[in-house]
Amino acid sequence: MISIIQRVSTAKVTVGSQDIGAIDMGIVALVAIEKEDSEKEAERLLERILNYRIFADEHDRMNLSLRDIDGGLLLIPQFTLAADTNKGNRPSFISAASPEKGRQLFVYLQDRALTTYANVQFGQFGADMQVSLINNGPVTFTLRASTYGS
């Protein structure tokens, strides 16, 4: 499982003309699910996102997590993060999970997020989404939650 996380001042996701999720200060997490991923990777990724220290403390150092600041979390499914871009001029999605498995694990991630953290919103799996955000910093990281093969 792969995620690009961005520290944001504000963010929202829109499908059609309807805003389906919005947060103020917090993290936008774009999430891709790969073939080998399971619920274990989803749980590991969620814990990393919630506890990753990317917010400034009183000394202006990145020492605070999303939990520490009680910020918002906007989880957005984005299968294109699983693309292999090493060859040629067109991405390969051979490592991406099937749409069925991707949907199943994203729903699992949503359920775990709702039971683990109060201030969470979501994008819509398989939808044409418009994501608007103000990246604070900018601060952006790639997180992987692979538990297989190690």
# chains A, B, ... in the order shown; residues from 1 in each chain; ligands from 1
call {"tool": "residues_around", "arguments": {"residues": "Thr142 of chain A", "least_positions_apart": "3", "cutoff": "7 Å", "atoms": "only C-alpha atoms", "output": "list in words"}}
result
Ser3, Ile4 and Ile5 of chain A
call {"tool": "select_by_dssp", "arguments": {"residues": "chain A", "states": "strand (DSSP E or B)", "output": "MDAnalysis selection string"}}
result
chainID A and resid 2:15 18:23 26:32 34 55:56 62:64 72:77 84 92 96 120:122 129:144
call {"tool": "closest_residue", "arguments": {"among": "A:Val31, A:Val139, A:Leu109, A:Ala22", "to": "Ile2 of chain A", "atoms": "only C-alpha atoms"}}
result
A:Val31
call {"tool": "closest_residue", "arguments": {"among": "A:Glu100, A:Glu47, A:Glu41, A:Asp24", "to": "Leu73 of chain A", "atoms": "only C-alpha atoms"}}
result
A:Asp24
call {"tool": "residues_around", "arguments": {"residues": "Leu133 of chain A", "least_positions_apart": "3", "cutoff": "12 Å", "atoms": "only C-alpha atoms", "output": "ChimeraX atom specification"}}
result
/A:5-14,21-29,74,130,136,138
call {"tool": "write_last_selection", "arguments": {"atoms": "N, CA and C atoms", "output": "compact mmCIF listing (two decimals), in the first residue's frame"}}
result
# COMPACT_ATOMS: atom_id res chain seq x y z
N ILE A 5 1.21 11.68 1.37
CA ILE A 5 0.53 12.52 2.35
C ILE A 5 1.02 13.95 2.20
N GLN A 6 0.09 14.87 2.34
CA GLN A 6 0.39 16.29 2.23
C GLN A 6 -0.18 17.01 3.44
N ARG A 7 0.66 17.82 4.07
CA ARG A 7 0.19 18.67 5.17
C ARG A 7 -0.55 19.83 4.55
N VAL A 8 -1.80 20.04 4.96
CA VAL A 8 -2.62 21.05 4.33
C VAL A 8 -3.22 22.03 5.34
N SER A 9 -3.50 23.24 4.84
CA SER A 9 -4.25 24.22 5.63
C SER A 9 -5.74 23.97 5.47
N THR A 10 -6.13 23.53 4.28
CA THR A 10 -7.51 23.20 3.97
C THR A 10 -7.53 22.32 2.73
N ALA A 11 -8.57 21.49 2.62
CA ALA A 11 -8.71 20.63 1.45
C ALA A 11 -10.15 20.17 1.32
N LYS A 12 -10.52 19.86 0.06
CA LYS A 12 -11.85 19.29 -0.18
C LYS A 12 -11.79 18.41 -1.42
N VAL A 13 -12.75 17.50 -1.49
CA VAL A 13 -12.89 16.63 -2.65
C VAL A 13 -14.33 16.76 -3.15
N THR A 14 -14.44 16.89 -4.47
CA THR A 14 -15.72 17.11 -5.12
C THR A 14 -15.95 16.02 -6.16
N GLY A 21 -16.26 15.66 0.79
CA GLY A 21 -15.38 15.64 1.95
C GLY A 21 -14.58 16.91 2.02
N ALA A 22 -14.36 17.41 3.24
CA ALA A 22 -13.57 18.62 3.41
C ALA A 22 -12.96 18.63 4.80
N ILE A 23 -11.74 19.18 4.88
CA ILE A 23 -11.06 19.33 6.17
C ILE A 23 -10.40 20.69 6.23
N ASP A 24 -10.12 21.12 7.45
CA ASP A 24 -9.25 22.28 7.65
C ASP A 24 -7.85 21.72 7.87
N MET A 25 -7.06 22.31 8.75
CA MET A 25 -5.68 21.88 8.94
C MET A 25 -5.60 20.37 9.18
N GLY A 26 -4.70 19.72 8.43
CA GLY A 26 -4.54 18.30 8.60
C GLY A 26 -3.75 17.67 7.48
N ILE A 27 -4.17 16.47 7.08
CA ILE A 27 -3.45 15.68 6.07
C ILE A 27 -4.41 15.20 4.99
N VAL A 28 -4.00 15.40 3.74
CA VAL A 28 -4.63 14.73 2.61
C VAL A 28 -3.75 13.53 2.30
N ALA A 29 -4.36 12.35 2.27
CA ALA A 29 -3.63 11.12 1.98
C ALA A 29 -4.21 10.49 0.72
N LEU A 74 -8.17 13.56 5.25
CA LEU A 74 -8.95 13.35 4.04
C LEU A 74 -8.28 12.23 3.25
N GLN A 130 -12.42 15.75 -8.04
CA GLN A 130 -11.63 16.97 -8.10
C GLN A 130 -11.17 17.25 -6.67
N ASN A 136 0.49 23.07 2.94
CA ASN A 136 1.13 23.93 3.93
C ASN A 136 2.60 23.58 4.03
N PRO A 138 5.50 23.86 1.28
CA PRO A 138 4.79 22.59 1.13
C PRO A 138 5.49 21.45 1.87
call {"tool": "residues_around", "arguments": {"residues": "Arg53 of chain A", "least_positions_apart": "6", "cutoff": "10 Å", "atoms": "only C-alpha atoms", "output": "list in words"}}
result
Arg61, Met62, Asn63, Leu64, Ser65, Leu66, Arg67 and Asp68 of chain A
call {"tool": "residues_around", "arguments": {"residues": "Ala42 of chain A", "least_positions_apart": "3", "cutoff": "9 Å", "atoms": "only C-alpha atoms", "output": "PyMOL selection string"}}
result
chain A and resi 1+33+37-39+45-47+105-106+108-109+112+145
call {"tool": "closest_residue", "arguments": {"among": "A:Arg144, A:Ile134, A:Pro91, A:Pro77", "to": "Glu43 of chain A", "atoms": "only C-alpha atoms"}}
result
A:Arg144
call {"tool": "atom_distance", "arguments": {"atom1": "atom CA of Thr115 of chain A", "atom2": "atom CA of Glu34 of chain A"}}
result
23.5 Å
call {"tool": "select_by_dssp", "arguments": {"residues": "chain A", "states": "alpha helix (DSSP H)", "output": "PyMOL selection string"}}
result
chain A and resi 39-51+66-69+99-116
call {"tool": "write_last_selection", "arguments": {"atoms": "N, CA and C atoms", "output": "short mmCIF file (atom, residue, chain, number, x, y, z; two decimals), in the first residue's frame"}}
result
data_model
loop_
_atom_site.label_atom_id
_atom_site.label_comp_id
_atom_site.auth_asym_id
_atom_site.auth_seq_id
_atom_site.Cartn_x
_atom_site.Cartn_y
_atom_site.Cartn_z
N GLU A 39 -5.60 -6.45 4.68
CA GLU A 39 -6.07 -5.61 5.78
C GLU A 39 -4.92 -5.20 6.69
N LYS A 40 -3.93 -6.05 6.81
CA LYS A 40 -2.77 -5.75 7.65
C LYS A 40 -2.04 -4.50 7.14
N GLU A 41 -1.86 -4.38 5.83
CA GLU A 41 -1.22 -3.19 5.26
C GLU A 41 -2.10 -1.95 5.45
N ALA A 42 -3.41 -2.12 5.33
CA ALA A 42 -4.32 -0.98 5.53
C ALA A 42 -4.20 -0.45 6.96
N GLU A 43 -4.18 -1.35 7.91
CA GLU A 43 -4.04 -0.93 9.31
C GLU A 43 -2.70 -0.26 9.57
N ARG A 44 -1.65 -0.82 9.01
CA ARG A 44 -0.31 -0.26 9.18
C ARG A 44 -0.23 1.13 8.56
N LEU A 45 -0.78 1.30 7.36
CA LEU A 45 -0.75 2.60 6.70
C LEU A 45 -1.53 3.64 7.51
N LEU A 46 -2.71 3.29 7.98
CA LEU A 46 -3.50 4.22 8.77
C LEU A 46 -2.74 4.67 10.02
N GLU A 47 -2.13 3.74 10.71
CA GLU A 47 -1.36 4.10 11.91
C GLU A 47 -0.19 5.02 11.57
N ARG A 48 0.47 4.75 10.47
CA ARG A 48 1.58 5.62 10.06
C ARG A 48 1.08 7.03 9.76
N ILE A 49 -0.03 7.13 9.03
CA ILE A 49 -0.57 8.44 8.68
C ILE A 49 -0.96 9.21 9.94
N LEU A 50 -1.65 8.57 10.85
CA LEU A 50 -2.12 9.24 12.06
C LEU A 50 -0.99 9.65 13.00
N ASN A 51 0.11 8.90 12.97
CA ASN A 51 1.21 9.14 13.92
C ASN A 51 2.44 9.78 13.31
N LEU A 66 -0.72 14.09 13.42
CA LEU A 66 -2.11 14.48 13.20
C LEU A 66 -2.92 14.30 14.48
N ARG A 67 -2.68 13.21 15.18
CA ARG A 67 -3.37 12.98 16.46
C ARG A 67 -3.03 14.07 17.46
N ASP A 68 -1.76 14.48 17.51
CA ASP A 68 -1.34 15.50 18.47
C ASP A 68 -2.06 16.82 18.26
N ILE A 69 -2.29 17.18 17.00
CA ILE A 69 -2.92 18.48 16.72
C ILE A 69 -4.43 18.36 16.53
N PRO A 99 -9.74 -3.72 -9.38
CA PRO A 99 -10.74 -2.77 -8.85
C PRO A 99 -11.54 -3.35 -7.69
N GLU A 100 -11.89 -4.62 -7.75
CA GLU A 100 -12.67 -5.24 -6.68
C GLU A 100 -11.88 -5.28 -5.38
N LYS A 101 -10.63 -5.72 -5.47
CA LYS A 101 -9.80 -5.79 -4.27
C LYS A 101 -9.50 -4.38 -3.76
N GLY A 102 -9.21 -3.45 -4.67
CA GLY A 102 -8.94 -2.08 -4.27
C GLY A 102 -10.11 -1.47 -3.52
N ARG A 103 -11.32 -1.66 -4.05
CA ARG A 103 -12.53 -1.15 -3.39
C ARG A 103 -12.69 -1.79 -2.01
N GLN A 104 -12.51 -3.10 -1.93
CA GLN A 104 -12.68 -3.82 -0.66
C GLN A 104 -11.71 -3.28 0.39
N LEU A 105 -10.45 -3.10 0.01
CA LEU A 105 -9.47 -2.64 1.00
C LEU A 105 -9.64 -1.16 1.32
N PHE A 106 -10.10 -0.36 0.35
CA PHE A 106 -10.35 1.05 0.68
C PHE A 106 -11.53 1.17 1.63
N VAL A 107 -12.57 0.36 1.44
CA VAL A 107 -13.70 0.35 2.37
C VAL A 107 -13.23 -0.09 3.76
N TYR A 108 -12.36 -1.08 3.80
CA TYR A 108 -11.80 -1.52 5.09
C TYR A 108 -11.03 -0.38 5.74
N LEU A 109 -10.21 0.32 4.95
CA LEU A 109 -9.45 1.47 5.46
C LEU A 109 -10.40 2.54 5.99
N GLN A 110 -11.48 2.82 5.27
CA GLN A 110 -12.47 3.80 5.72
C GLN A 110 -13.07 3.37 7.07
N ASP A 111 -13.48 2.12 7.17
CA ASP A 111 -14.07 1.62 8.41
C ASP A 111 -13.11 1.73 9.58
N ARG A 112 -11.86 1.35 9.35
CA ARG A 112 -10.84 1.43 10.42
C ARG A 112 -10.60 2.89 10.80
N ALA A 113 -10.54 3.78 9.82
CA ALA A 113 -10.32 5.20 10.10
C ALA A 113 -11.47 5.75 10.94
N LEU A 114 -12.70 5.40 10.60
CA LEU A 114 -13.86 5.90 11.34
C LEU A 114 -13.89 5.41 12.79
N THR A 115 -13.38 4.21 13.03
CA THR A 115 -13.37 3.68 14.40
C THR A 115 -12.13 4.10 15.17
N THR A 116 -11.13 4.64 14.47
CA THR A 116 -9.86 4.99 15.10
C THR A 116 -9.69 6.49 15.30
#
call {"tool": "atom_distance", "arguments": {"atom1": "atom CA of Ala32 of chain A", "atom2": "atom CA of Val15 of chain A"}}
result
18.8 Å
call {"tool": "decode", "arguments": {"residues": "segment 93-106 of chain A", "atoms": "N, CA and C atoms", "output": "PDB file, in the first residue's frame"}}
result
ATOM      1  N   PHE A  93       0.229  -0.572 -14.861  1.00  0.00           N
ATOM      2  CA  PHE A  93      -0.472  -0.743 -13.590  1.00  0.00           C
ATOM      3  C   PHE A  93      -0.484  -2.199 -13.158  1.00  0.00           C
ATOM      4  N   ILE A  94       0.554  -2.926 -13.548  1.00  0.00           N
ATOM      5  CA  ILE A  94       0.631  -4.356 -13.270  1.00  0.00           C
ATOM      6  C   ILE A  94       0.670  -4.660 -11.773  1.00  0.00           C
ATOM      7  N   SER A  95       1.200  -3.745 -10.963  1.00  0.00           N
ATOM      8  CA  SER A  95       1.277  -4.000  -9.518  1.00  0.00           C
ATOM      9  C   SER A  95       0.041  -3.531  -8.763  1.00  0.00           C
ATOM     10  N   ALA A  96      -0.869  -2.817  -9.435  1.00  0.00           N
ATOM     11  CA  ALA A  96      -2.079  -2.319  -8.774  1.00  0.00           C
ATOM     12  C   ALA A  96      -3.050  -3.464  -8.496  1.00  0.00           C
ATOM     13  N   ALA A  97      -3.774  -3.354  -7.403  1.00  0.00           N
ATOM     14  CA  ALA A  97      -4.817  -4.330  -7.086  1.00  0.00           C
ATOM     15  C   ALA A  97      -5.939  -4.227  -8.113  1.00  0.00           C
ATOM     16  N   SER A  98      -6.680  -5.297  -8.266  1.00  0.00           N
ATOM     17  CA  SER A  98      -7.862  -5.261  -9.135  1.00  0.00           C
ATOM     18  C   SER A  98      -8.846  -4.238  -8.555  1.00  0.00           C
ATOM     19  N   PRO A  99      -9.742  -3.716  -9.381  1.00  0.00           N
ATOM     20  CA  PRO A  99     -10.737  -2.767  -8.852  1.00  0.00           C
ATOM     21  C   PRO A  99     -11.544  -3.346  -7.685  1.00  0.00           C
ATOM     22  N   GLU A 100     -11.887  -4.621  -7.754  1.00  0.00           N
ATOM     23  CA  GLU A 100     -12.670  -5.243  -6.683  1.00  0.00           C
ATOM     24  C   GLU A 100     -11.877  -5.275  -5.377  1.00  0.00           C
ATOM     25  N   LYS A 101     -10.633  -5.718  -5.467  1.00  0.00           N
ATOM     26  CA  LYS A 101      -9.801  -5.785  -4.268  1.00  0.00           C
ATOM     27  C   LYS A 101      -9.495  -4.379  -3.759  1.00  0.00           C
ATOM     28  N   GLY A 102      -9.205  -3.455  -4.666  1.00  0.00           N
ATOM     29  CA  GLY A 102      -8.941  -2.078  -4.272  1.00  0.00           C
ATOM     30  C   GLY A 102     -10.111  -1.475  -3.518  1.00  0.00           C
ATOM     31  N   ARG A 103     -11.322  -1.664  -4.049  1.00  0.00           N
ATOM     32  CA  ARG A 103     -12.529  -1.147  -3.387  1.00  0.00           C
ATOM     33  C   ARG A 103     -12.691  -1.785  -2.009  1.00  0.00           C
ATOM     34  N   GLN A 104     -12.514  -3.101  -1.933  1.00  0.00           N
ATOM     35  CA  GLN A 104     -12.678  -3.818  -0.665  1.00  0.00           C
ATOM     36  C   GLN A 104     -11.712  -3.279   0.389  1.00  0.00           C
ATOM     37  N   LEU A 105     -10.452  -3.104   0.014  1.00  0.00           N
ATOM     38  CA  LEU A 105      -9.470  -2.638   1.002  1.00  0.00           C
ATOM     39  C   LEU A 105      -9.636  -1.156   1.322  1.00  0.00           C
ATOM     40  N   PHE A 106     -10.102  -0.358   0.354  1.00  0.00           N
ATOM     41  CA  PHE A 106     -10.348   1.047   0.676  1.00  0.00           C
ATOM     42  C   PHE A 106     -11.532   1.168   1.630  1.00  0.00           C
TER      43      PHE A 106
END
